[in-house]
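Peer 1: So I've got this file, query-v2.pdb, and it contains PDB, C-alpha atoms:
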ATOM      1  CA  MET A  28     -23.704-107.103 101.377
ATOM      2  CA  LYS A  29     -20.980-109.151 102.866
ATOM      3  CA  LYS A  30     -23.278-110.427 105.576
ATOM      4  CA  PRO A  31     -22.348-109.887 109.203
ATOM      5  CA  LEU A  32     -20.665-113.110 110.233
ATOM      6  CA  VAL A  33     -23.542-114.841 112.040
ATOM      7  CA  GLY A  34     -22.769-118.486 111.540
ATOM      8  CA  ALA A  35     -20.631-117.610 108.546
ATOM      9  CA  LEU A  36     -17.630-119.605 109.733
ATOM     10  CA  PHE A  37     -19.803-122.714 109.749
ATOM     11  CA  ALA A  38     -21.059-121.873 106.283
ATOM     12  CA  VAL A  39     -17.552-121.330 104.963
ATOM     13  CA  LEU A  40     -16.345-124.630 106.390
ATOM     14  CA  LEU A  41     -19.227-126.466 104.720
ATOM     15  CA  LEU A  42     -19.481-124.591 101.461
ATOM     16  CA  GLY A  43     -16.060-123.078 100.911
ATOM     17  CA  ALA A  44     -15.223-119.431 100.431
ATOM     18  CA  GLY A  45     -18.544-118.193  99.058
ATOM     19  CA  VAL A  46     -19.481-114.522  98.893
ATOM     20  CA  ALA A  47     -22.068-113.341 101.394
ATOM     21  CA  PRO A  48     -23.031-109.754 100.520
ATOM     22  CA  ALA A  49     -25.678-107.091 101.401
ATOM     23  CA  THR A  50     -29.175-105.995 100.489
ATOM     24  CA  ALA A  51     -30.106-103.038  98.221
ATOM     25  CA  ALA A  52     -33.221-101.629  96.584
ATOM     26  CA  THR A  53     -34.981-102.957  93.526
ATOM     27  CA  GLY A  54     -35.554-100.627  90.596
ATOM     28  CA  HIS A  55     -38.535 -98.261  90.524
ATOM     29  CA  GLY A  56     -41.078 -98.221  87.709
ATOM     30  CA  ALA A  57     -40.845-100.449  84.636
ATOM     31  CA  ALA A  58     -38.213-103.151  84.661
ATOM     32  CA  ALA A  59     -35.054-102.089  82.855
ATOM     33  CA  PRO A  60     -33.261-104.421  80.443
ATOM     34  CA  THR A  61     -30.745-106.704  82.123
ATOM     35  CA  THR A  62     -27.259-107.482  80.905
ATOM     36  CA  VAL A  63     -25.306-110.339  82.440
ATOM     37  CA  ALA A  64     -21.652-109.402  82.232
ATOM     38  CA  ALA A  65     -18.679-111.683  82.456
ATOM     39  CA  PRO A  66     -16.140-110.876  85.194
ATOM     40  CA  THR A  67     -13.429-108.517  84.011
ATOM     41  CA  ALA A  68      -9.917-109.936  83.969
ATOM     42  CA  VAL A  69      -7.188-107.371  84.620
ATOM     43  CA  LYS A  70      -3.526-108.005  85.198
ATOM     44  CA  GLU A  71      -2.993-107.464  88.903
ATOM     45  CA  LYS A  72      -0.161-105.374  90.219
ATOM     46  CA  ILE A  73       2.237-106.534  92.907
ATOM     47  CA  ARG A  74       1.164-105.535  96.402
ATOM     48  CA  PRO A  75       3.810-103.456  98.179
ATOM     49  CA  LYS A  76       5.057-104.698 101.539
ATOM     50  CA  ALA A  77       3.738-101.519 103.166
ATOM     51  CA  VAL A  78       0.184-102.894 103.031
ATOM     52  CA  ASN A  79      -0.401-105.021 106.128
ATOM     53  CA  PHE A  80      -2.849-105.551 108.997
ATOM     54  CA  ALA A  81      -1.630-102.744 111.284
ATOM     55  CA  GLY A  82      -4.540-100.555 112.342
ATOM     56  CA  THR A  83      -7.266-102.962 111.262
ATOM     57  CA  VAL A  84      -9.771-104.297 113.778
ATOM     58  CA  ALA A  85     -11.927-107.395 114.087
ATOM     59  CA  LEU A  86     -15.546-106.943 115.139
ATOM     60  CA  SER A  87     -17.766-109.729 116.447
ATOM     61  CA  ASN A  88     -19.238-110.192 112.961
ATOM     62  CA  CYS A  89     -17.226-108.031 110.546
ATOM     63  CA  SER A  90     -13.956-106.268 109.845
ATOM     64  CA  GLY A  91     -12.961-102.621 110.293
ATOM     65  CA  SER A  92     -10.088-100.216 110.812
ATOM     66  CA  VAL A  93      -8.919 -97.372 113.020
ATOM     67  CA  VAL A  94      -9.013 -94.314 110.762
ATOM     68  CA  ARG A  95      -8.139 -90.640 110.841
ATOM     69  CA  THR A  96      -8.597 -87.642 108.596
ATOM     70  CA  PRO A  97      -5.606 -85.538 107.507
ATOM     71  CA  ASP A  98      -6.633 -82.989 110.175
ATOM     72  CA  SER A  99      -7.161 -85.423 113.067
ATOM     73  CA  GLN A 100      -4.948 -84.675 116.070
ATOM     74  CA  PRO A 101      -3.117 -87.122 118.377
ATOM     75  CA  GLY A 102      -5.341 -86.134 121.287
ATOM     76  CA  ASP A 103      -8.593 -86.661 119.395
ATOM     77  CA  PRO A 104     -10.768 -89.665 120.227
ATOM     78  CA  ALA A 105      -9.950 -92.320 117.622
ATOM     79  CA  LEU A 106     -12.488 -93.504 115.055
ATOM     80  CA  VAL A 107     -13.255 -97.002 113.744
ATOM     81  CA  LEU A 108     -14.698 -97.436 110.246
ATOM     82  CA  SER A 109     -16.839-100.398 109.199
ATOM     83  CA  ASN A 110     -20.122-100.989 107.324
ATOM     84  CA  GLY A 111     -23.556 -99.732 108.251
ATOM     85  CA  HIS A 112     -24.821-103.300 107.972
ATOM     86  CA  CYS A 113     -22.285-104.356 110.614
ATOM     87  CA  MET A 114     -23.768-102.219 113.417
ATOM     88  CA  GLU A 115     -24.897-104.100 116.510
ATOM     89  CA  SER A 116     -28.354-102.534 116.148
ATOM     90  CA  GLY A 117     -28.899-104.347 112.851
ATOM     91  CA  PHE A 118     -29.380-103.124 109.288
ATOM     92  CA  PRO A 119     -30.636 -99.522 109.213
ATOM     93  CA  GLY A 120     -33.606 -99.132 106.893
ATOM     94  CA  PRO A 121     -33.594 -97.101 103.683
ATOM     95  CA  GLY A 122     -33.385 -93.427 104.609
ATOM     96  CA  GLU A 123     -32.322 -94.189 108.197
ATOM     97  CA  VAL A 124     -29.245 -92.535 109.691
ATOM     98  CA  VAL A 125     -27.778 -93.433 113.096
ATOM     99  CA  PHE A 126     -26.108 -90.375 114.605
ATOM    100  CA  ASN A 127     -24.301 -89.988 117.947
ATOM    101  CA  GLN A 128     -25.848 -93.058 119.551
ATOM    102  CA  PRO A 129     -24.188 -94.574 122.661
ATOM    103  CA  SER A 130     -22.244 -97.793 122.109
ATOM    104  CA  THR A 131     -19.876 -99.938 124.166
ATOM    105  CA  ARG A 132     -18.853-102.189 121.302
ATOM    106  CA  SER A 133     -15.374-103.736 121.493
ATOM    107  CA  PHE A 134     -12.823-104.217 118.696
ATOM    108  CA  THR A 135      -9.718-106.404 118.535
ATOM    109  CA  LEU A 136      -6.769-104.353 117.256
ATOM    110  CA  LEU A 137      -4.314-106.122 114.942
ATOM    111  CA  ASN A 138      -0.619-105.433 114.374
ATOM    112  CA  ALA A 139       1.219-105.620 111.052
ATOM    113  CA  SER A 140       1.480-109.423 111.102
ATOM    114  CA  GLY A 141      -2.210-109.901 111.905
ATOM    115  CA  SER A 142      -1.888-110.729 115.599
ATOM    116  CA  GLY A 143      -4.416-109.291 118.032
ATOM    117  CA  VAL A 144      -2.615-106.948 120.399
ATOM    118  CA  GLY A 145      -5.417-105.409 122.442
ATOM    119  CA  THR A 146      -9.053-104.442 122.784
ATOM    120  CA  LEU A 147     -10.465-101.047 121.887
ATOM    121  CA  ARG A 148     -13.900 -99.901 123.011
ATOM    122  CA  ALA A 149     -16.454 -97.529 121.515
ATOM    123  CA  SER A 150     -18.144 -94.693 123.335
ATOM    124  CA  LYS A 151     -20.706 -94.134 120.577
ATOM    125  CA  ILE A 152     -21.713 -94.732 116.980
ATOM    126  CA  ALA A 153     -20.824 -91.328 115.597
ATOM    127  CA  TYR A 154     -22.448 -92.058 112.239
ATOM    128  CA  GLY A 155     -24.044 -95.009 110.478
ATOM    129  CA  THR A 156     -26.250 -95.556 107.436
ATOM    130  CA  MET A 157     -27.002 -97.836 104.500
ATOM    131  CA  THR A 158     -28.492 -95.034 102.416
ATOM    132  CA  ASP A 159     -26.369 -93.847  99.454
ATOM    133  CA  THR A 160     -23.426 -95.621 101.095
ATOM    134  CA  ASP A 161     -22.844 -98.421 103.630
ATOM    135  CA  ILE A 162     -20.733 -97.103 106.499
ATOM    136  CA  SER A 163     -20.514 -96.992 110.269
ATOM    137  CA  VAL A 164     -18.039 -94.842 112.180
ATOM    138  CA  TYR A 165     -17.522 -95.491 115.882
ATOM    139  CA  GLN A 166     -15.864 -93.041 118.264
ATOM    140  CA  LEU A 167     -13.558 -94.787 120.736
ATOM    141  CA  THR A 168     -12.762 -94.176 124.382
ATOM    142  CA  SER A 169      -9.052 -94.021 123.439
ATOM    143  CA  THR A 170      -7.203 -91.283 121.596
ATOM    144  CA  TYR A 171      -4.834 -91.879 118.685
ATOM    145  CA  ALA A 172      -1.918 -90.968 120.948
ATOM    146  CA  GLN A 173      -2.987 -93.503 123.576
ATOM    147  CA  ILE A 174      -3.331 -96.279 120.989
ATOM    148  CA  GLU A 175       0.062 -95.512 119.468
ATOM    149  CA  SER A 176       1.736 -95.260 122.872
ATOM    150  CA  LYS A 177       0.281 -98.546 124.133
ATOM    151  CA  TYR A 178       0.406-100.652 120.960
ATOM    152  CA  GLY A 179       2.798 -98.839 118.617
ATOM    153  CA  ILE A 180       0.099 -98.708 115.944
ATOM    154  CA  LYS A 181      -0.986 -95.674 113.948
ATOM    155  CA  ALA A 182      -4.403 -95.093 112.435
ATOM    156  CA  LEU A 183      -4.969 -95.504 108.719
ATOM    157  CA  GLU A 184      -5.567 -92.217 106.909
ATOM    158  CA  LEU A 185      -8.682 -91.595 104.852
ATOM    159  CA  ASN A 186      -7.833 -90.419 101.357
ATOM    160  CA  THR A 187      -9.464 -87.097 100.442
ATOM    161  CA  ALA A 188      -9.838 -87.714  96.696
ATOM    162  CA  HIS A 189     -12.114 -89.902  94.591
ATOM    163  CA  PRO A 190     -10.545 -93.302  93.784
ATOM    164  CA  VAL A 191      -9.037 -93.775  90.320
ATOM    165  CA  GLN A 192      -9.880 -96.558  87.882
ATOM    166  CA  GLY A 193      -7.040 -99.058  87.508
ATOM    167  CA  THR A 194      -5.535 -98.343  90.927
ATOM    168  CA  ALA A 195      -3.930-101.358  92.597
ATOM    169  CA  ILE A 196      -5.752-101.974  95.881
ATOM    170  CA  THR A 197      -5.826-104.409  98.787
ATOM    171  CA  VAL A 198      -8.857-105.352 100.895
ATOM    172  CA  VAL A 199      -7.582-106.096 104.406
ATOM    173  CA  SER A 200      -9.874-108.266 106.552
ATOM    174  CA  ALA A 201      -9.060-108.344 110.253
ATOM    175  CA  TYR A 202     -11.850-110.848 110.910
ATOM    176  CA  TRP A 203     -10.231-113.488 108.710
ATOM    177  CA  LYS A 204      -6.664-112.105 108.940
ATOM    178  CA  ARG A 205      -6.620-112.290 105.171
ATOM    179  CA  THR A 206      -5.947-109.852 102.327
ATOM    180  CA  TYR A 207      -7.319-109.646  98.793
ATOM    181  CA  ALA A 208      -5.286-107.874  96.104
ATOM    182  CA  CYS A 209      -6.817-106.596  92.858
ATOM    183  CA  ASN A 210      -7.526-103.333  91.029
ATOM    184  CA  VAL A 211     -10.310-100.777  90.812
ATOM    185  CA  ASP A 212     -12.202-102.017  87.763
ATOM    186  CA  GLY A 213     -14.585 -99.068  87.611
ATOM    187  CA  PHE A 214     -17.427 -97.214  89.302
ATOM    188  CA  VAL A 215     -21.135 -97.949  89.489
ATOM    189  CA  TYR A 216     -23.670 -95.117  89.123
ATOM    190  CA  ARG A 217     -26.183 -96.950  91.324
ATOM    191  CA  LEU A 218     -25.681-100.290  93.044
ATOM    192  CA  LYS A 219     -28.978-101.858  94.147
ATOM    193  CA  GLU A 220     -29.433-104.756  96.533
ATOM    194  CA  GLY A 221     -32.733-105.708  98.131
ATOM    195  CA  ASP A 222     -34.090-102.575  99.817
ATOM    196  CA  TRP A 223     -30.908-100.487  99.566
ATOM    197  CA  THR A 224     -29.286 -98.288  96.931
ATOM    198  CA  TRP A 225     -25.683 -97.052  96.972
ATOM    199  CA  LYS A 226     -24.195 -94.293  94.841
ATOM    200  CA  ASP A 227     -20.894 -94.297  92.936
ATOM    201  CA  SER A 228     -19.699 -97.651  94.273
ATOM    202  CA  VAL A 229     -16.266 -99.140  93.575
ATOM    203  CA  ARG A 230     -16.236-102.319  91.484
ATOM    204  CA  TYR A 231     -13.243-104.647  91.941
ATOM    205  CA  THR A 232     -11.550-106.705  89.285
ATOM    206  CA  SER A 233     -12.268-110.415  89.634
ATOM    207  CA  ALA A 234      -9.212-111.238  91.788
ATOM    208  CA  CYS A 235     -10.843-109.803  94.945
ATOM    209  CA  GLN A 236     -13.082-112.732  95.889
ATOM    210  CA  THR A 237     -14.102-111.406  99.290
ATOM    211  CA  ILE A 238     -16.310-113.524 101.581
ATOM    212  CA  GLY A 239     -18.665-113.126 104.538
ATOM    213  CA  GLY A 240     -16.842-111.498 107.451
ATOM    214  CA  THR A 241     -14.832-109.214 105.171
ATOM    215  CA  SER A 242     -17.608-106.616 105.457
ATOM    216  CA  GLY A 243     -16.180-103.327 106.691
ATOM    217  CA  SER A 244     -12.623-104.106 105.627
ATOM    218  CA  PRO A 245     -10.610-101.063 104.576
ATOM    219  CA  VAL A 246      -9.711-100.907 100.899
ATOM    220  CA  LEU A 247      -6.168 -99.554 100.697
ATOM    221  CA  ASP A 248      -4.428 -97.847  97.797
ATOM    222  CA  ASN A 249      -1.254 -99.924  97.479
ATOM    223  CA  ALA A 250       0.848 -96.930  96.482
ATOM    224  CA  THR A 251      -0.115 -94.685  99.427
ATOM    225  CA  GLY A 252      -1.489 -97.054 102.066
ATOM    226  CA  LYS A 253      -4.493 -94.742 102.468
ATOM    227  CA  VAL A 254      -8.104 -95.882 102.779
ATOM    228  CA  VAL A 255     -10.032 -95.239  99.549
ATOM    229  CA  ALA A 256     -13.126 -97.371 100.222
ATOM    230  CA  VAL A 257     -14.774 -99.830 102.595
ATOM    231  CA  ASN A 258     -15.618-103.350 101.382
ATOM    232  CA  ASN A 259     -19.310-104.197 101.534
ATOM    233  CA  THR A 260     -20.919-106.532  98.985
ATOM    234  CA  GLY A 261     -20.806-108.810  95.944
ATOM    235  CA  ASN A 262     -23.092-110.714  93.583
ATOM    236  CA  GLU A 263     -23.204-114.285  94.804
ATOM    237  CA  ASP A 264     -25.712-116.155  92.618
ATOM    238  CA  GLY A 265     -26.149-114.044  89.489
ATOM    239  CA  GLN A 266     -29.610-112.877  90.550
ATOM    240  CA  ARG A 267     -30.873-109.383  89.748
ATOM    241  CA  CYS A 268     -30.910-106.763  92.547
ATOM    242  CA  THR A 269     -31.793-109.248  95.323
ATOM    243  CA  ASP A 270     -30.282-109.787  98.761
ATOM    244  CA  ASN A 271     -26.643-110.848  98.335
ATOM    245  CA  ASN A 272     -26.942-110.172  94.600
ATOM    246  CA  PRO A 273     -26.468-106.466  93.911
ATOM    247  CA  CYS A 274     -26.994-105.193  90.389
ATOM    248  CA  GLU A 275     -25.491-102.222  88.599
ATOM    249  CA  VAL A 276     -27.820 -99.531  87.244
ATOM    250  CA  ASP A 277     -26.531 -96.842  84.882
ATOM    251  CA  GLU A 278     -27.863 -93.308  84.312
ATOM    252  CA  SER A 279     -30.318 -94.611  81.698
ATOM    253  CA  GLY A 280     -31.734 -97.295  83.988
ATOM    254  CA  ASN A 281     -29.998-100.195  82.265
ATOM    255  CA  VAL A 282     -29.241-103.049  84.666
ATOM    256  CA  THR A 283     -26.079-105.158  84.569
ATOM    257  CA  VAL A 284     -25.524-108.275  86.681
ATOM    258  CA  ARG A 285     -21.939-109.396  87.306
ATOM    259  CA  GLN A 286     -21.942-112.709  89.127
ATOM    260  CA  GLY A 287     -18.883-113.245  91.322
ATOM    261  CA  ILE A 288     -17.862-109.578  91.257
ATOM    262  CA  ASN A 289     -17.500-107.634  94.513
ATOM    263  CA  TYR A 290     -17.874-104.000  95.505
ATOM    264  CA  ALA A 291     -16.937-101.310  98.015
ATOM    265  CA  GLN A 292     -18.174 -97.890  99.064
ATOM    266  CA  GLU A 293     -15.976 -94.833  98.611
ATOM    267  CA  THR A 294     -14.787 -93.093 101.781
ATOM    268  CA  TYR A 295     -13.395 -89.734 100.629
ATOM    269  CA  GLY A 296     -16.828 -88.190 101.253
ATOM    270  CA  ILE A 297     -16.539 -88.903 104.980
ATOM    271  CA  VAL A 298     -13.637 -86.475 105.420
ATOM    272  CA  PRO A 299     -15.539 -83.179 104.887
ATOM    273  CA  CYS A 300     -18.089 -84.252 107.516
ATOM    274  CA  ILE A 301     -15.548 -84.501 110.349
ATOM    275  CA  GLY A 302     -14.472 -81.322 112.110
ATOM    276  CA  ALA A 303     -12.242 -80.356 115.015
ATOM    277  CA  GLY A 304     -11.942 -83.012 117.709
ATOM    278  CA  ASN A 305     -13.072 -85.702 115.216
ATOM    279  CA  VAL A 306     -16.669 -84.552 115.690
ATOM    280  CA  PHE A 307     -19.144 -85.323 112.916
ATOM    281  CA  ASP A 308     -20.848 -82.167 111.641
ATOM    282  CA  LEU A 309     -23.187 -82.941 108.760
ATOM    283  CA  ASN A 310     -23.617 -79.228 108.043
ATOM    284  CA  ARG A 311     -19.949 -78.634 107.241
ATOM    285  CA  ALA A 312     -19.066 -77.342 103.786
ATOM    286  CA  GLY A 313     -18.640 -80.225 101.365
ATOM    287  CA  CYS A 314     -20.401 -82.793 103.557
ATOM    288  CA  ALA A 315     -22.891 -84.737 101.450
ATOM    289  CA  LEU A 316     -23.594 -87.707 103.735
ATOM    290  CA  PRO A 317     -27.298 -88.371 104.359
ATOM    291  CA  LYS A 318     -28.693 -86.603 107.421
ATOM    292  CA  PRO A 319     -30.999 -88.052 110.102
TER     293      PRO A 319
END
Give the structure from the file, written as structure tokens.
Peer 2:
Amino acid sequence: MKKPLVGALFAVLLLGAGVAPATAATGHGAAAPTTVAAPTAVKEKIRPKAVNFAGTVALSNCSGSVVRTPDSQPGDPALVLSNGHCMESGFPGPGEVVFNQPSTRSFTLLNASGSGVGTLRASKIAYGTMTDTDISVYQLTSTYAQIESKYGIKALELNTAHPVQGTAITVVSAYWKRTYACNVDGFVYRLKEGDWTWKDSVRYTSACQTIGGTSGSPVLDNATGKVVAVNNTGNEDGQRCTDNNPCEVDESGNVTVRQGINYAQETYGIVPCIGAGNVFDLNRAGCALPKP
């Protein structure tokens, strides 16, 4: 995973912009053959001016964004999306789901140019897990209407469809006030890192060299400005399925290691799990997020 930024600034100053990713599960049973793949080079598309920092938030150790579903209403309590491994309670274990737990966490809201314009505060962690995906969703004490009225900033909308290979994307990190432009290189059947396994992860082309502190950054479709994924990890040292070195596992159990390549978790699957009033309901039709 892109590690929560505990001492990461010091590490970056000493070592440069190195990747600091997550932890996923090692393979079960006999060891599968390993392929070490070279990073994929794809011609990057120009990033439209519409993609900026507005609506992103900086956490104490990660990045995030104020998000809404297509059905969210102005008077609904706003939501902040980040990674499960960025929660203040620490990494949830395999199979663990955090659901409707009180939180008073604060977030620095950024405007289009990347300046902090105010502080938002959580009322609870509505949902968080590192099983199958790596997400945390906080419910705020402010509504979308209150945020827009006070700061002139609208929430980013979660896309409802699966991302598409080749799409031009931008990872927007509020922690570093930095963006990374590349393309969706493809999708990973299973992404394993340490004790965790994620399903159908997004693999970036090599231009997105995200670093520690970019965890939880929204991944935006350049054409629509909508959130299609949340940045979470990358293979730092070329190791196989270890902490900070996720590996790709296909349907046949074959393992591929792509050193220097980074990944994100799709977010379209969050939308069916959110009902009226921005309330998480894991029993809604189409909701496939892991349950507590």
Peer 1: Could you give me, as JSON lines, every stretch 142-175 of chain A residue with an atom at most 10 Å from stretch 88-97 of chain A, plus its closest atom pair and distance in Å to one decimal, counting all atoms listed in the file, rows ordered by chain then number?
Peer 2:
{"residue": "A:Leu147", "atom": "CA", "partner": "A:Val93", "partner_atom": "CA", "distance": 9.7}
{"residue": "A:Ser163", "atom": "CA", "partner": "A:Gly91", "partner_atom": "CA", "distance": 9.4}
{"residue": "A:Val164", "atom": "CA", "partner": "A:Val94", "partner_atom": "CA", "distance": 9.2}
{"residue": "A:Tyr165", "atom": "CA", "partner": "A:Val93", "partner_atom": "CA", "distance": 9.3}
{"residue": "A:Gln166", "atom": "CA", "partner": "A:Val93", "partner_atom": "CA", "distance": 9.7}
{"residue": "A:Leu167", "atom": "CA", "partner": "A:Val93", "partner_atom": "CA", "distance": 9.4}
{"residue": "A:Tyr171", "atom": "CA", "partner": "A:Arg95", "partner_atom": "CA", "distance": 8.6}
{"residue": "A:Ile174", "atom": "CA", "partner": "A:Val93", "partner_atom": "CA", "distance": 9.8}
Peer 1: Measure the distance from atom CA of A:Gly296 to atom CA of A:Cys314 in Å and round it to one decimal.
Peer 2: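 Answer for the atom CA of A:Gly296 to atom CA of A:Cys314 separation: 6.9 Å.
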Peer 1: The PyMOL selection byres ((chain A and resi 226) around 6) on the file shown: which residues, as an mmCIF file with C-alpha atoms, in the coordinates of the input?
Peer 2:
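Saved the output as part_10.cif:
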data_model
loop_
_atom_site.group_PDB
_atom_site.id
_atom_site.type_symbol
_atom_site.label_atom_id
_atom_site.label_comp_id
_atom_site.auth_asym_id
_atom_site.auth_seq_id
_atom_site.Cartn_x
_atom_site.Cartn_y
_atom_site.Cartn_z
ATOM 1 C CA ASP A 159 -26.369 -93.847 99.454
ATOM 2 C CA TYR A 216 -23.670 -95.117 89.123
ATOM 3 C CA ARG A 217 -26.183 -96.950 91.324
ATOM 4 C CA TRP A 225 -25.683 -97.052 96.972
ATOM 5 C CA ASP A 227 -20.894 -94.297 92.936
ATOM 6 C CA SER A 228 -19.699 -97.651 94.273
#
Peer 1: Got a sec to resolve the PyMOL selection byres ((chain A and resi 278) around 10) on this structure and send the residues as a PyMOL selection string?
Peer 2: chain A and resi 215-217+276-277+279-282
Peer 1: I need the chosen residues saved as a PDB file, in the coordinates of the input, with C-alpha atoms.
Peer 2:
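This went into part_34.pdb:
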ATOM      1  CA  VAL A 215     -21.135 -97.949  89.489  1.00  0.00           C
ATOM      2  CA  TYR A 216     -23.670 -95.117  89.123  1.00  0.00           C
ATOM      3  CA  ARG A 217     -26.183 -96.950  91.324  1.00  0.00           C
ATOM      4  CA  VAL A 276     -27.820 -99.531  87.244  1.00  0.00           C
ATOM      5  CA  ASP A 277     -26.531 -96.842  84.882  1.00  0.00           C
ATOM      6  CA  SER A 279     -30.318 -94.611  81.698  1.00  0.00           C
ATOM      7  CA  GLY A 280     -31.734 -97.295  83.988  1.00  0.00           C
ATOM      8  CA  ASN A 281     -29.998-100.195  82.265  1.00  0.00           C
ATOM      9  CA  VAL A 282     -29.241-103.049  84.666  1.00  0.00           C
TER      10      VAL A 282
END
Peer 1: If I take atom CA of A:His189 and atom CA of A:Glu293, how far is one from the other in Å, to one decimal?
Peer 2: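 Straight-line distance from atom CA of A:His189 to atom CA of A:Glu293 works out to 7.4 Å.
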Peer 1: On this structure, the PyMOL selection byres ((chain A and resi 99) around 9) would catch which residues? List them as a list in words, sorted by chain and number.
Peer 2: Arg95, Thr96, Pro97, Asp98, Gln100, Pro101, Gly102, Asp103, Ala105, Tyr171, Ile301, Gly302, Ala303, Gly304 and Asn305 of chain A
Peer 1: Could you dump the residues just selected with C-alpha atoms as a compact mmCIF listing (two decimals), in the coordinates of the input?
Peer 2:
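Saved result, again_28.txt, follows:
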# COMPACT_ATOMS: atom_id res chain seq x y z
CA ARG A 95 -8.14 -90.64 110.84
CA THR A 96 -8.60 -87.64 108.60
CA PRO A 97 -5.61 -85.54 107.51
CA ASP A 98 -6.63 -82.99 110.18
CA GLN A 100 -4.95 -84.68 116.07
CA PRO A 101 -3.12 -87.12 118.38
CA GLY A 102 -5.34 -86.13 121.29
CA ASP A 103 -8.59 -86.66 119.40
CA ALA A 105 -9.95 -92.32 117.62
CA TYR A 171 -4.83 -91.88 118.68
CA ILE A 301 -15.55 -84.50 110.35
CA GLY A 302 -14.47 -81.32 112.11
CA ALA A 303 -12.24 -80.36 115.02
CA GLY A 304 -11.94 -83.01 117.71
CA ASN A 305 -13.07 -85.70 115.22
Peer 1: The residues within 9 Å of (-21.9, -110.9, 89.4), using all atoms listed in the file and the coordinates of the file, should be reported as a VMD selection string; which are they?
Peer 2: chain A and resid 63 to 66 261 to 266 272 to 274 283 to 289
Peer 1: Keeping C-alpha atoms, export the residues of the selection given above as an mmCIF file, in the frame of the given file.
Peer 2:
data_model
loop_
_atom_site.group_PDB
_atom_site.id
_atom_site.type_symbol
_atom_site.label_atom_id
_atom_site.label_comp_id
_atom_site.auth_asym_id
_atom_site.auth_seq_id
_atom_site.Cartn_x
_atom_site.Cartn_y
_atom_site.Cartn_z
ATOM 1 C CA VAL A 63 -25.306 -110.339 82.440
ATOM 2 C CA ALA A 64 -21.652 -109.402 82.232
ATOM 3 C CA ALA A 65 -18.679 -111.683 82.456
ATOM 4 C CA PRO A 66 -16.140 -110.876 85.194
ATOM 5 C CA GLY A 261 -20.806 -108.810 95.944
ATOM 6 C CA ASN A 262 -23.092 -110.714 93.583
ATOM 7 C CA GLU A 263 -23.204 -114.285 94.804
ATOM 8 C CA ASP A 264 -25.712 -116.155 92.618
ATOM 9 C CA GLY A 265 -26.149 -114.044 89.489
ATOM 10 C CA GLN A 266 -29.610 -112.877 90.550
ATOM 11 C CA ASN A 272 -26.942 -110.172 94.600
ATOM 12 C CA PRO A 273 -26.468 -106.466 93.911
ATOM 13 C CA CYS A 274 -26.994 -105.193 90.389
ATOM 14 C CA THR A 283 -26.079 -105.158 84.569
ATOM 15 C CA VAL A 284 -25.524 -108.275 86.681
ATOM 16 C CA ARG A 285 -21.939 -109.396 87.306
ATOM 17 C CA GLN A 286 -21.942 -112.709 89.127
ATOM 18 C CA GLY A 287 -18.883 -113.245 91.322
ATOM 19 C CA ILE A 288 -17.862 -109.578 91.257
ATOM 20 C CA ASN A 289 -17.500 -107.634 94.513
#
Peer 1: Report, in Å to a single decimal, how far apart atom CA of A:Thr260 and atom CA of A:Gly239 are.
Peer 2: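 That distance, rounded to one decimal, is 8.9 Å.
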Peer 1: When distances are computed from only C-alpha atoms, which of A:Leu309, A:Val211, A:Val191, A:Val257 shows the smallest separation from A:Thr232?
Peer 2: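 For A:Thr232, the nearest of the given residues is A:Val211.
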Peer 1: Could you please give me, as number ranges by chain, the residues of protein, DNA or RNA lying at most 12 Å from (-5.1, -113.9, 101.5) in the coordinate frame of the file, considering all atoms listed in the file?
Peer 2: A: 44, 74, 79-80, 141, 197-209, 234-238, 241
Peer 1: Could you check which of A:Thr194, A:Asn210, A:Ser133, A:Ser109 is closest to A:Gly240, using only C-alpha atoms?
Peer 2: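 The answer is A:Ser109, which sits nearest to A:Gly240.
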Peer 1: Go through A:Ser130, A:Ser242, A:Thr160, A:Thr269 one by one, measure the shortest atom-to-atom distance of each to A:Ala85 using all atoms listed in the file, and give the residue with the smallest value.
Peer 2: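 The closest residue to A:Ala85 is A:Ser242.
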Peer 1: Which neighbours of A:Gly213 fall inside 8 Å, counting only C-alpha atoms, when residues of the same chain fewer than 4 positions from it are skipped, and could you give them as a PyMOL selection string?
Peer 2: chain A and resi 192-193+229-231
Peer 1: Could you check which of A:Ser116, A:Thr170, A:Asn186, A:Ser140 is closest to A:Pro299, using all atoms listed in the file?
Peer 2: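 So, comparing all the options, the nearest one is A:Asn186.
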